[in-house]
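J.: The file below is protein.txt, compact mmCIF, C-alpha atoms:
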```
# COMPACT_ATOMS: atom_id res chain seq x y z
CA MET A 1 10.84 40.44 2.56
CA GLN A 2 9.45 37.80 4.90
CA LYS A 3 11.62 35.77 7.24
CA LEU A 4 11.30 32.99 9.79
CA VAL A 5 12.30 33.77 13.37
CA VAL A 6 13.13 30.60 15.31
CA THR A 7 14.11 30.30 18.97
CA GLY A 8 15.57 26.89 19.64
CA GLY A 9 15.92 24.67 22.65
CA LYS A 10 12.33 23.52 22.96
CA PRO A 11 11.49 19.84 22.40
CA LEU A 12 8.84 19.12 19.79
CA ARG A 13 5.81 17.03 20.70
CA GLY A 14 2.58 16.24 18.96
CA GLU A 15 0.84 14.78 15.94
CA LEU A 16 1.12 16.09 12.40
CA SER A 17 -0.60 15.05 9.18
CA VAL A 18 1.84 14.91 6.26
CA GLN A 19 0.99 17.21 3.35
CA GLY A 20 0.47 15.94 -0.17
CA SER A 21 3.60 15.37 -2.22
CA LYS A 22 4.94 18.34 -4.17
CA ASN A 23 6.98 16.06 -6.41
CA SER A 24 3.85 14.08 -7.28
CA ALA A 25 1.44 16.97 -7.58
CA LEU A 26 3.48 18.93 -10.12
CA PRO A 27 3.77 16.21 -12.83
CA ILE A 28 0.18 15.14 -12.15
CA MET A 29 -1.01 18.71 -12.69
CA ALA A 30 0.94 18.78 -15.96
CA ALA A 31 -0.60 15.44 -16.96
CA SER A 32 -4.10 16.76 -16.28
CA LEU A 33 -3.92 19.00 -19.35
CA MET A 34 -3.90 15.83 -21.49
CA CYS A 35 -7.27 14.54 -20.35
CA GLY A 36 -9.68 16.61 -22.44
CA GLY A 37 -12.04 16.95 -19.48
CA GLU A 38 -12.01 17.73 -15.78
CA CYS A 39 -9.66 16.23 -13.22
CA ARG A 40 -10.08 16.69 -9.47
CA LEU A 41 -6.90 16.33 -7.47
CA HIS A 42 -7.21 15.89 -3.72
CA ARG A 43 -4.51 16.44 -1.07
CA CYS A 44 -2.87 19.02 -3.30
CA PRO A 45 -0.42 21.01 -1.13
CA LYS A 46 -0.69 24.79 -0.96
CA LEU A 47 2.75 25.72 -2.26
CA THR A 48 4.16 28.44 -4.47
CA ASP A 49 5.37 25.77 -6.95
CA ILE A 50 1.81 24.43 -7.16
CA TYR A 51 0.46 27.89 -7.88
CA ALA A 52 3.16 28.36 -10.53
CA ALA A 53 1.98 25.15 -12.22
CA SER A 54 -1.61 26.39 -12.10
CA ARG A 55 -0.55 29.64 -13.82
CA ILE A 56 0.98 27.60 -16.66
CA LEU A 57 -2.21 25.54 -16.96
CA ASN A 58 -4.40 28.65 -17.05
CA PHE A 59 -2.11 30.33 -19.59
CA VAL A 60 -2.39 27.48 -22.11
CA GLY A 61 -6.19 27.50 -21.84
CA CYS A 62 -7.04 25.15 -18.97
CA ARG A 63 -9.21 26.30 -16.12
CA CYS A 64 -7.44 25.53 -12.86
CA THR A 65 -9.12 26.37 -9.56
CA PHE A 66 -8.55 25.49 -5.91
CA SER A 67 -10.82 24.74 -2.98
CA GLY A 68 -8.85 23.98 0.16
CA ASN A 69 -6.41 21.22 -0.72
CA SER A 70 -8.28 20.13 -3.83
CA ALA A 71 -7.51 21.35 -7.34
CA ALA A 72 -9.85 21.15 -10.32
CA VAL A 73 -8.33 21.25 -13.81
CA ASP A 74 -10.58 21.53 -16.85
CA SER A 75 -8.55 20.95 -20.03
CA ARG A 76 -11.30 21.11 -22.64
CA SER A 77 -10.20 24.43 -24.14
CA ILE A 78 -6.41 24.38 -24.62
CA ASP A 79 -5.55 27.08 -27.14
CA ARG A 80 -1.82 27.73 -26.65
CA THR A 81 1.26 25.56 -26.95
CA GLU A 82 3.96 28.11 -26.09
CA ILE A 83 4.79 28.63 -22.41
CA PRO A 84 6.42 32.02 -21.67
CA GLU A 85 9.90 32.07 -20.21
CA GLU A 86 8.77 33.97 -17.11
CA LEU A 87 6.35 31.15 -16.23
CA MET A 88 8.88 28.40 -16.98
CA ARG A 89 11.47 30.03 -14.74
CA GLU A 90 9.19 30.10 -11.70
CA MET A 91 9.87 26.45 -10.85
CA ARG A 92 12.53 23.88 -11.56
CA SER A 93 10.20 21.09 -12.65
CA SER A 94 8.34 23.14 -15.27
CA ILE A 95 10.08 21.17 -18.06
CA ILE A 96 7.56 18.40 -17.34
CA PHE A 97 4.99 20.39 -19.32
CA MET A 98 6.96 19.59 -22.47
CA GLY A 99 5.98 15.91 -22.52
CA ALA A 100 2.40 16.65 -21.53
CA MET A 101 1.95 19.31 -24.20
CA LEU A 102 3.45 17.08 -26.89
CA GLY A 103 1.17 14.27 -25.79
CA THR A 104 -1.94 16.38 -26.15
CA ALA A 105 -1.15 18.95 -28.88
CA GLY A 106 1.77 17.50 -30.82
CA GLU A 107 3.85 20.65 -30.38
CA CYS A 108 5.18 23.02 -27.76
CA THR A 109 7.68 25.81 -27.20
CA VAL A 110 9.38 26.04 -23.82
CA SER A 111 12.52 27.42 -22.20
CA VAL A 112 15.00 26.00 -19.72
CA PRO A 113 13.27 25.85 -16.31
CA GLY A 114 14.16 27.90 -13.22
CA GLY A 115 13.79 27.20 -9.48
CA CYS A 116 16.58 26.26 -7.06
CA GLU A 117 20.17 26.77 -8.18
CA LEU A 118 21.42 23.24 -7.65
CA GLY A 119 23.88 23.28 -10.48
CA PRO A 120 23.21 22.19 -14.07
CA ARG A 121 20.24 19.94 -14.66
CA PRO A 122 20.77 18.94 -18.29
CA ILE A 123 17.67 18.03 -20.26
CA ASP A 124 19.65 16.20 -22.95
CA MET A 125 18.12 12.86 -21.96
CA HIS A 126 14.61 14.36 -22.27
CA LEU A 127 15.30 15.70 -25.75
CA THR A 128 17.12 12.60 -27.02
CA ALA A 129 14.27 10.34 -25.90
CA LEU A 130 11.58 12.56 -27.41
CA LYS A 131 13.45 12.64 -30.72
CA ARG A 132 13.34 8.84 -30.77
CA MET A 133 9.56 9.15 -30.46
CA GLY A 134 9.32 11.29 -33.60
CA VAL A 135 9.62 14.78 -32.15
CA ASP A 136 11.50 17.41 -34.18
CA ILE A 137 13.37 19.68 -31.78
CA SER A 138 15.19 22.93 -32.51
CA GLU A 139 16.46 25.89 -30.53
CA LEU A 140 15.39 29.41 -31.42
CA SER A 141 16.67 32.40 -29.44
CA GLY A 142 17.08 30.33 -26.29
CA ARG A 143 13.69 28.67 -26.69
CA ILE A 144 13.18 24.94 -27.28
CA VAL A 145 10.74 24.38 -30.15
CA CYS A 146 9.22 20.90 -30.34
CA ARG A 147 6.93 19.59 -33.05
CA ILE A 148 5.66 16.16 -34.11
CA PRO A 149 5.22 16.30 -37.92
CA SER A 150 2.56 13.61 -37.93
CA GLY A 151 0.77 15.19 -34.97
CA ARG A 152 1.21 12.07 -32.83
CA ALA A 153 4.36 10.56 -31.35
CA HIS A 154 5.23 6.93 -32.00
CA GLY A 155 6.39 4.28 -29.57
CA ALA A 156 10.08 3.57 -29.12
CA LYS A 157 12.55 1.59 -27.03
CA ILE A 158 14.51 4.01 -24.87
CA SER A 159 17.42 3.25 -22.54
CA LEU A 160 18.31 6.06 -20.16
CA ALA A 161 21.97 6.64 -19.29
CA PHE A 162 20.85 7.60 -15.77
CA PRO A 163 17.48 6.94 -14.08
CA SER A 164 16.39 10.57 -14.34
CA VAL A 165 13.04 11.30 -12.72
CA GLY A 166 12.23 14.21 -15.03
CA ALA A 167 13.20 12.36 -18.21
CA THR A 168 11.19 9.30 -17.16
CA GLU A 169 8.14 11.49 -16.50
CA ASN A 170 8.41 13.36 -19.80
CA ILE A 171 8.73 10.12 -21.77
CA ILE A 172 5.71 8.60 -20.01
CA LEU A 173 3.60 11.71 -20.65
CA CYS A 174 4.44 11.75 -24.33
CA ALA A 175 4.03 7.96 -24.62
CA VAL A 176 0.56 7.55 -23.11
CA THR A 177 -1.05 9.03 -26.25
CA ALA A 178 1.61 7.85 -28.72
CA ASP A 179 1.01 5.39 -31.53
CA GLY A 180 2.36 2.04 -30.37
CA GLU A 181 4.36 0.78 -27.41
CA THR A 182 7.12 2.63 -25.60
CA VAL A 183 9.62 0.78 -23.41
CA ILE A 184 11.78 2.74 -20.94
CA ASN A 185 14.84 0.88 -19.68
CA ASN A 186 16.76 2.13 -16.63
CA ALA A 187 13.68 4.17 -15.72
CA ALA A 188 13.52 6.13 -12.48
CA ARG A 189 11.83 4.13 -9.71
CA GLU A 190 10.81 6.95 -7.37
CA PRO A 191 7.41 6.63 -5.65
CA GLU A 192 6.32 9.86 -7.33
CA ILE A 193 6.73 8.14 -10.72
CA CYS A 194 4.32 5.46 -9.49
CA ASP A 195 1.89 8.15 -8.35
CA LEU A 196 1.98 9.82 -11.77
CA CYS A 197 1.36 6.46 -13.43
CA GLY A 198 -1.48 5.76 -11.01
CA PHE A 199 -3.11 9.02 -12.00
CA LEU A 200 -2.64 8.35 -15.71
CA ARG A 201 -4.12 4.85 -15.35
CA ALA A 202 -7.14 6.43 -13.66
CA CYS A 203 -7.43 8.57 -16.81
CA GLY A 204 -7.36 5.47 -19.04
CA ALA A 205 -3.64 5.13 -19.79
CA ARG A 206 -2.03 1.71 -20.18
CA ILE A 207 1.18 1.59 -18.15
CA THR A 208 2.96 -1.31 -16.47
CA GLY A 209 6.26 -1.69 -14.64
CA ASP A 210 6.34 1.61 -12.76
CA GLY A 211 8.40 1.22 -9.60
CA GLU A 212 10.77 -1.06 -11.52
CA SER A 213 13.60 -0.24 -13.91
CA ARG A 214 11.57 -1.19 -17.01
CA ILE A 215 8.34 0.66 -17.75
CA VAL A 216 6.07 -0.24 -20.66
CA VAL A 217 3.53 2.25 -22.01
CA LYS A 218 0.98 1.23 -24.62
CA GLY A 219 -0.30 4.40 -26.23
CA LYS A 220 -3.95 5.19 -26.88
CA ALA A 221 -5.54 8.06 -28.73
CA LYS A 222 -7.36 9.74 -25.86
CA LEU A 223 -7.49 9.95 -22.08
CA HIS A 224 -10.36 11.09 -19.88
CA GLY A 225 -10.73 13.04 -16.65
CA CYS A 226 -10.72 11.46 -13.21
CA GLU A 227 -10.68 12.09 -9.48
CA TYR A 228 -7.40 11.30 -7.75
CA THR A 229 -5.73 11.66 -4.35
CA ILE A 230 -2.04 12.60 -4.35
CA MET A 231 0.37 10.57 -2.22
CA PRO A 232 1.90 11.98 0.99
CA ASP A 233 5.16 13.92 0.78
CA ARG A 234 7.98 11.66 1.95
CA ILE A 235 10.49 14.55 2.01
CA ALA A 236 8.24 16.72 4.17
CA ALA A 237 7.92 13.70 6.48
CA ALA A 238 11.73 13.37 6.59
CA THR A 239 12.02 17.06 7.43
CA TYR A 240 9.66 17.01 10.41
CA LEU A 241 11.27 13.80 11.66
CA SER A 242 14.69 15.48 11.41
CA MET A 243 13.41 18.49 13.32
CA THR A 244 12.14 16.31 16.16
CA ALA A 245 15.30 14.22 16.20
CA ALA A 246 17.46 17.36 16.43
CA ALA A 247 15.35 19.30 18.96
CA GLY A 248 14.33 16.27 21.02
CA GLY A 249 10.80 15.15 21.82
CA GLU A 250 8.36 12.89 20.06
CA ILE A 251 6.16 13.09 17.01
CA ILE A 252 3.47 11.02 15.34
CA LEU A 253 3.18 11.56 11.62
CA THR A 254 -0.17 10.54 10.20
CA ASN A 255 -1.04 10.22 6.51
CA ALA A 256 2.55 9.05 5.98
CA CYS A 257 3.78 6.80 3.16
CA VAL A 258 5.78 4.40 5.32
CA PRO A 259 7.37 2.02 2.75
CA GLU A 260 8.40 4.94 0.53
CA THR A 261 10.06 6.70 3.50
CA GLU A 262 11.98 3.60 4.58
CA PRO A 263 15.31 4.52 2.90
CA PHE A 264 15.40 7.63 5.10
CA LEU A 265 14.06 5.94 8.23
CA SER A 266 16.67 3.19 8.12
CA VAL A 267 19.43 5.82 8.31
CA LEU A 268 17.72 8.04 10.89
CA GLU A 269 17.23 5.05 13.17
CA GLN A 270 21.03 4.69 13.40
CA THR A 271 21.17 8.02 15.29
CA GLY A 272 19.57 6.42 18.35
CA CYS A 273 16.03 7.65 17.83
CA SER A 274 13.23 5.24 18.62
CA ILE A 275 11.13 4.80 15.49
CA TYR A 276 7.98 2.74 15.13
CA THR A 277 5.76 2.49 12.07
CA GLY A 278 2.21 1.39 11.49
CA GLU A 279 -0.27 1.73 8.69
CA ASN A 280 0.23 5.27 7.38
CA LYS A 281 1.85 6.34 10.68
CA ILE A 282 5.41 7.02 11.85
CA TYR A 283 6.30 7.54 15.50
CA LEU A 284 9.67 8.97 16.55
CA HIS A 285 11.08 9.62 20.02
CA SER A 286 14.35 11.48 20.57
CA GLY A 287 15.44 11.82 24.18
CA VAL A 288 19.22 12.05 24.23
CA ARG A 289 21.99 13.47 22.06
CA LEU A 290 21.96 11.91 18.62
CA ARG A 291 24.69 9.50 17.56
CA ALA A 292 26.59 10.07 14.34
CA VAL A 293 25.84 7.67 11.49
CA ARG A 294 28.81 5.34 11.05
CA GLU A 295 28.14 4.29 7.47
CA ARG A 296 28.68 6.83 4.71
CA ILE A 297 25.35 8.38 3.74
CA ARG A 298 25.24 8.22 -0.05
CA THR A 299 22.45 9.92 -1.95
CA MET A 300 21.22 7.67 -4.74
CA PRO A 301 18.19 7.23 -6.98
CA HIS A 302 15.31 5.45 -5.27
CA PRO A 303 15.38 3.08 -3.42
CA GLY A 304 18.61 4.68 -2.19
CA PHE A 305 18.87 7.54 0.27
CA PRO A 306 17.00 10.55 -1.25
CA THR A 307 19.02 13.60 -2.21
CA ASP A 308 16.15 15.82 -1.06
CA ALA A 309 16.62 14.55 2.51
CA GLN A 310 20.39 15.03 2.63
CA ALA A 311 20.36 18.62 3.92
CA VAL A 312 17.78 18.14 6.68
CA LEU A 313 19.54 15.06 8.05
CA MET A 314 22.89 16.85 7.92
CA ALA A 315 21.42 19.67 10.02
CA ALA A 316 20.21 17.15 12.61
CA LEU A 317 23.63 15.44 12.72
CA ALA A 318 25.53 18.73 13.08
CA ALA A 319 25.23 18.40 16.87
CA ALA A 320 25.45 14.59 17.04
CA ASP A 321 28.06 12.64 18.98
CA GLY A 322 30.73 11.68 16.47
CA THR A 323 31.42 12.21 12.78
CA SER A 324 29.04 11.55 9.88
CA ILE A 325 30.06 11.51 6.22
CA PHE A 326 27.75 12.42 3.35
CA GLU A 327 28.32 11.70 -0.32
CA GLU A 328 26.12 13.63 -2.77
CA ASN A 329 25.74 11.72 -6.02
CA ILE A 330 22.76 13.44 -7.65
CA PHE A 331 23.40 17.21 -7.79
CA ASP A 332 26.68 19.12 -8.06
CA CYS A 333 25.73 22.08 -5.86
CA ARG A 334 23.73 20.54 -3.05
CA TYR A 335 25.97 21.61 -0.16
CA ARG A 336 25.17 25.30 -0.39
CA HIS A 337 23.43 25.15 3.00
CA THR A 338 26.65 24.21 4.79
CA ASP A 339 27.88 27.81 5.09
CA ALA A 340 24.77 28.70 7.09
CA LEU A 341 25.16 25.65 9.33
CA ILE A 342 28.82 26.56 9.93
CA LYS A 343 27.71 30.08 10.84
CA MET A 344 25.48 28.44 13.47
CA GLY A 345 28.48 26.60 14.93
CA ALA A 346 28.57 23.38 12.88
CA ASP A 347 31.89 21.77 11.97
CA ILE A 348 31.51 20.74 8.33
CA GLN A 349 34.19 20.26 5.70
CA VAL A 350 33.18 19.90 2.05
CA LEU A 351 35.54 18.07 -0.29
CA GLY A 352 33.94 17.82 -3.71
CA LYS A 353 30.90 15.61 -3.43
CA VAL A 354 31.78 14.58 0.16
CA ALA A 355 30.82 16.48 3.31
CA ILE A 356 32.41 15.53 6.65
CA VAL A 357 30.21 16.54 9.59
CA LYS A 358 31.94 16.48 12.98
CA GLY A 359 29.23 16.80 15.60
CA VAL A 360 29.58 19.78 17.95
CA ARG A 361 28.22 19.97 21.46
CA ARG A 362 25.69 22.66 20.57
CA LEU A 363 24.64 25.02 17.79
CA HIS A 364 23.79 28.68 18.29
CA GLY A 365 21.34 31.04 16.65
CA ALA A 366 22.43 33.25 13.74
CA ASN A 367 21.09 35.30 10.86
CA VAL A 368 21.13 33.06 7.78
CA GLU A 369 19.73 33.06 4.26
CA ALA A 370 17.94 30.14 2.60
CA THR A 371 19.89 29.04 -0.45
CA ASP A 372 17.35 26.62 -1.91
CA LEU A 373 14.27 24.65 -0.86
CA ARG A 374 15.84 21.81 1.14
CA GLY A 375 18.76 23.94 2.31
CA GLY A 376 16.31 26.42 3.81
CA ALA A 377 14.50 23.58 5.56
CA ALA A 378 17.84 22.39 6.93
CA MET A 379 18.41 25.81 8.49
CA ALA A 380 15.03 25.51 10.23
CA VAL A 381 16.03 22.06 11.54
CA ALA A 382 19.29 23.44 12.95
CA ALA A 383 17.56 26.52 14.37
CA LEU A 384 15.10 24.44 16.38
CA ALA A 385 18.00 22.58 18.02
CA ALA A 386 20.22 25.64 18.54
CA GLU A 387 20.61 27.90 21.55
CA GLY A 388 19.19 31.37 20.98
CA THR A 389 17.32 32.87 18.05
CA THR A 390 17.85 32.33 14.34
CA GLN A 391 16.46 34.50 11.56
CA ILE A 392 16.09 32.82 8.17
CA THR A 393 15.59 35.12 5.18
CA LYS A 394 14.73 34.33 1.53
CA ILE A 395 12.09 31.90 2.78
CA SER A 396 10.37 31.97 -0.61
CA HIS A 397 12.60 28.93 -1.25
CA ILE A 398 11.04 27.10 1.71
CA ASP A 399 7.51 28.06 0.65
CA ARG A 400 8.07 26.20 -2.62
CA GLY A 401 7.89 22.86 -0.84
CA TYR A 402 6.44 23.20 2.67
CA GLU A 403 2.86 24.12 3.37
CA LYS A 404 2.81 26.79 6.14
CA ILE A 405 5.91 25.38 7.82
CA GLU A 406 5.66 27.80 10.72
CA GLU A 407 2.14 26.60 11.56
CA ALA A 408 3.19 22.95 11.42
CA VAL A 409 6.18 23.50 13.72
CA SER A 410 4.20 25.72 16.09
CA ALA A 411 1.60 22.96 16.41
CA LEU A 412 4.42 20.73 17.71
CA GLY A 413 5.43 23.32 20.30
CA GLY A 414 8.29 24.90 18.39
CA ASP A 415 9.01 28.60 18.82
CA ILE A 416 8.78 29.82 15.24
CA ARG A 417 7.02 32.70 13.55
CA ARG A 418 6.87 34.40 10.18
CA ALA A 419 7.80 38.06 10.29
```
As a first step, turn the structure in this file into structure tokens.
T.:
Amino acid sequence: MQKLVVTGGKPLRGELSVQGSKNSALPIMAASLMCGGECRLHRCPKLTDIYAASRILNFVGCRCTFSGNSAAVDSRSIDRTEIPEELMREMRSSIIFMGAMLGTAGECTVSVPGGCELGPRPIDMHLTALKRMGVDISELSGRIVCRIPSGRAHGAKISLAFPSVGATENIILCAVTADGETVINNAAREPEICDLCGFLRACGARITGDGESRIVVKGKAKLHGCEYTIMPDRIAAATYLSMTAAAGGEIILTNACVPETEPFLSVLEQTGCSIYTGENKIYLHSGVRLRAVRERIRTMPHPGFPTDAQAVLMAALAAADGTSIFEENIFDCRYRHTDALIKMGADIQVLGKVAIVKGVRRLHGANVEATDLRGGAAMAVAALAAEGTTQITKISHIDRGYEKIEEAVSALGGDIRRA
């Protein structure tokens, strides 16, 4: 089993290009099976979740190949509509293939997705919305069987109880080839939704309102292939910024999506870091001990503070001057990384959805185990700031979302290696 060995205490300095967004690439890869031709996706990150998506595409009959950070998906020969449970369970966002398969084939059989154990992620909103679009849904031996009797979904007006990213994506994917107009109220506004819609428009889809709470999709019978460049990963950017803030030093992130990262930057700036932004660039300098964040840090749907950045910022604030308070409003089990941080000397108290982080003078190295993708990244953040050596095991979680994290950190001068 591989592990990361990190020796902390060295400031980070240098320039780093932000990888392509995992949370954009996965739904876009799913959408590519709807195009009936070839799609070329550039800036596709080399991640285990991406390779899991490609295995699903290949299984259903697409031809998915990679060359560097570009993926080519040829969807002209889809011959299966059932995705095996073992493929579904490889990643948490695999449920997105349900909307795409319904949009292209009118039927699909899937199972509940796997991935990080972040507590229940109900798909009730997905299923309720798809039923309103004419999809018959039943459960058979733990499998979800979906079928559109007419072969083509119809438009509908759908109001989501919560702006779920996954539900919004599944509805859009089913709606782009539906008969008529679909309106999604209280839609998710995340930048990755806009990236998916940008890709679909490049394939001929008619979508307006993405980035707002009301999205309108006018269905059309067919889409076509295209060439598309995936947006930068705002959570990877937040992670490397947190690392530099915690360890000290300075970093220039290039190929960064600055406006989309602003909800995180506005909080990080309160720690005393100097942050400057330009076109597609973020500069951060951290020279003294971080200050605690006075305002409660509440994770919220975009444009609020992103839940995916909660753990990495908490790790940076574990050794800050003062007390920071986090409130997790998206997932029930997103504080699983706190035990590892406490093992490294952090003073953290979890009370339900609230975590109280009292900054300690210093952290120390320890042997810890990644609990999930962002929790594992948080342990790397803490390790780079700690005294001594930290060993992080179960790094398969980290590899789901960070492209060669040890190479990126080493390029900044960090003492990290994969063993």
J.: Of the candidates A:Ala370, A:Met98, A:Ala175, A:Ala319, which one gets nearest to Ile348 (chain A) if we count all atoms listed in the file?
T.: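 Ranked by minimum distance to Ile348 (chain A), first place goes to A:Ala319.
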J.: Would you mind reading off the distance between CA of Asn367 (chain A) and CA of Arg417 (chain A), one decimal, in Å?
T.: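 About the pair CA of Asn367 (chain A) and CA of Arg417 (chain A): they are 14.6 Å apart.
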J.: If you measure from CA of Gly106 (chain A) to CA of Ala153 (chain A), what distance in Å do you get, rounded to one decimal?
T.: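 Computed distance, CA of Gly106 (chain A) to CA of Ala153 (chain A), equals 7.4 Å.
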J.: Please report the interatomic distance between CA of Ile215 (chain A) and CA of Leu196 (chain A) in Å with one decimal.
T.: 12.7 Å
J.: Hey, which of A:Ser242, A:Thr65, A:Ser21, A:Thr338 ends up closest to Cys273 (chain A)? Count all atoms listed in the file.
T.: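 Under the stated criterion, the closest residue is A:Ser242.
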J.: If we count all atoms listed in the file and set the cut-off at 12 Å, which residues sit around Gly287 (chain A), ignoring sequence neighbours fewer than 3 positions away in its own chain? Please answer as a list in words.
T.: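 Here the answer would be Pro11, Leu12, Arg13, Thr244, Ala245, Ala246, Ala247, Gly248, Gly249, Glu250, Ile251, Thr271, Gly272, Cys273, Ser274, Ile275, Leu284, Leu290 and Arg291 of chain A.
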J.: Considering all atoms listed in the file, state which residue in the set A:Val216, A:Ala309, A:Ile148, A:Ala178 is at the smallest distance from Arg234 (chain A).
T.: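 Selected residue with least distance to Arg234 (chain A): A:Ala309.
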J.: Would you mind telling me which residue in A:Arg298, A:His126, A:His337, A:Lys394 lies nearest to Val354 (chain A) when using only C-alpha atoms?
T.: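 When distances to Val354 (chain A) are compared using only C-alpha atoms, the smallest one comes from A:Arg298.
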J.: Could you give me, as a list in words, the residues within 9 Å of Thr104 (chain A), counting all atoms listed in the file and dropping anything in the same chain fewer than 2 positions from it?
T.: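 Near neighbours after the sequence-gap exclusion: Leu33, Met34, Cys35, Gly36, Gly99, Ala100, Met101, Leu102, Gly106, Glu107, Arg152, Cys174, Thr177 and Lys222 of chain A.
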J.: Is it possible to dump region 334-340 of chain A as a PDB file, in the first residue's frame, including just all heavy atoms?
T.:
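Result saved to part-v8.pdb:
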```pdb
ATOM      1  N   ARG A 334     -18.383  15.201   7.454  1.00  0.00           N
ATOM      2  CA  ARG A 334     -17.234  15.819   6.810  1.00  0.00           C
ATOM      3  C   ARG A 334     -16.189  16.325   7.808  1.00  0.00           C
ATOM      4  O   ARG A 334     -15.355  17.142   7.473  1.00  0.00           O
ATOM      5  CB  ARG A 334     -17.662  16.951   5.884  1.00  0.00           C
ATOM      6  CG  ARG A 334     -16.575  17.253   4.861  1.00  0.00           C
ATOM      7  CD  ARG A 334     -17.111  17.406   3.468  1.00  0.00           C
ATOM      8  NE  ARG A 334     -16.114  17.027   2.492  1.00  0.00           N
ATOM      9  CZ  ARG A 334     -16.218  17.265   1.192  1.00  0.00           C
ATOM     10  NH1 ARG A 334     -17.275  17.851   0.715  1.00  0.00           N
ATOM     11  NH2 ARG A 334     -15.283  16.890   0.374  1.00  0.00           N
ATOM     12  N   TYR A 335     -16.216  15.807   9.025  1.00  0.00           N
ATOM     13  CA  TYR A 335     -15.179  16.140   9.999  1.00  0.00           C
ATOM     14  C   TYR A 335     -14.341  14.911  10.350  1.00  0.00           C
ATOM     15  O   TYR A 335     -13.693  14.876  11.390  1.00  0.00           O
ATOM     16  CB  TYR A 335     -15.809  16.707  11.273  1.00  0.00           C
ATOM     17  CG  TYR A 335     -16.392  18.091  11.135  1.00  0.00           C
ATOM     18  CD1 TYR A 335     -17.593  18.421  11.760  1.00  0.00           C
ATOM     19  CD2 TYR A 335     -15.745  19.083  10.407  1.00  0.00           C
ATOM     20  CE1 TYR A 335     -18.129  19.696  11.664  1.00  0.00           C
ATOM     21  CE2 TYR A 335     -16.282  20.355  10.284  1.00  0.00           C
ATOM     22  CZ  TYR A 335     -17.478  20.654  10.913  1.00  0.00           C
ATOM     23  OH  TYR A 335     -18.010  21.928  10.808  1.00  0.00           O
ATOM     24  N   ARG A 336     -14.335  13.923   9.494  1.00  0.00           N
ATOM     25  CA  ARG A 336     -13.622  12.690   9.814  1.00  0.00           C
ATOM     26  C   ARG A 336     -12.109  12.879   9.839  1.00  0.00           C
ATOM     27  O   ARG A 336     -11.378  12.075  10.401  1.00  0.00           O
ATOM     28  CB  ARG A 336     -14.001  11.590   8.814  1.00  0.00           C
ATOM     29  CG  ARG A 336     -15.482  11.235   8.857  1.00  0.00           C
ATOM     30  CD  ARG A 336     -15.848  10.190   7.818  1.00  0.00           C
ATOM     31  NE  ARG A 336     -15.245   8.913   8.140  1.00  0.00           N
ATOM     32  CZ  ARG A 336     -14.700   8.109   7.254  1.00  0.00           C
ATOM     33  NH1 ARG A 336     -14.640   8.479   5.976  1.00  0.00           N
ATOM     34  NH2 ARG A 336     -14.184   6.960   7.608  1.00  0.00           N
ATOM     35  N   HIS A 337     -11.628  13.964   9.245  1.00  0.00           N
ATOM     36  CA  HIS A 337     -10.197  14.243   9.247  1.00  0.00           C
ATOM     37  C   HIS A 337      -9.717  14.820  10.576  1.00  0.00           C
ATOM     38  O   HIS A 337      -8.511  14.891  10.822  1.00  0.00           O
ATOM     39  CB  HIS A 337      -9.868  15.258   8.141  1.00  0.00           C
ATOM     40  CG  HIS A 337     -10.643  16.528   8.271  1.00  0.00           C
ATOM     41  ND1 HIS A 337     -11.958  16.645   7.860  1.00  0.00           N
ATOM     42  CD2 HIS A 337     -10.318  17.741   8.798  1.00  0.00           C
ATOM     43  CE1 HIS A 337     -12.396  17.867   8.111  1.00  0.00           C
ATOM     44  NE2 HIS A 337     -11.415  18.553   8.692  1.00  0.00           N
ATOM     45  N   THR A 338     -10.640  15.233  11.439  1.00  0.00           N
ATOM     46  CA  THR A 338     -10.219  15.932  12.659  1.00  0.00           C
ATOM     47  C   THR A 338      -9.435  15.031  13.605  1.00  0.00           C
ATOM     48  O   THR A 338      -8.535  15.507  14.302  1.00  0.00           O
ATOM     49  CB  THR A 338     -11.429  16.536  13.393  1.00  0.00           C
ATOM     50  OG1 THR A 338     -12.382  15.499  13.680  1.00  0.00           O
ATOM     51  CG2 THR A 338     -12.096  17.605  12.539  1.00  0.00           C
ATOM     52  N   ASP A 339      -9.741  13.742  13.645  1.00  0.00           N
ATOM     53  CA  ASP A 339      -8.987  12.835  14.518  1.00  0.00           C
ATOM     54  C   ASP A 339      -7.511  12.817  14.147  1.00  0.00           C
ATOM     55  O   ASP A 339      -6.640  12.797  15.022  1.00  0.00           O
ATOM     56  CB  ASP A 339      -9.561  11.419  14.441  1.00  0.00           C
ATOM     57  CG  ASP A 339     -10.892  11.279  15.171  1.00  0.00           C
ATOM     58  OD1 ASP A 339     -11.218  12.179  15.977  1.00  0.00           O
ATOM     59  OD2 ASP A 339     -11.603  10.290  14.941  1.00  0.00           O
ATOM     60  N   ALA A 340      -7.218  12.814  12.853  1.00  0.00           N
ATOM     61  CA  ALA A 340      -5.823  12.821  12.407  1.00  0.00           C
ATOM     62  C   ALA A 340      -5.142  14.135  12.780  1.00  0.00           C
ATOM     63  O   ALA A 340      -3.983  14.146  13.225  1.00  0.00           O
ATOM     64  CB  ALA A 340      -5.738  12.588  10.902  1.00  0.00           C
TER      65      ALA A 340
END
```
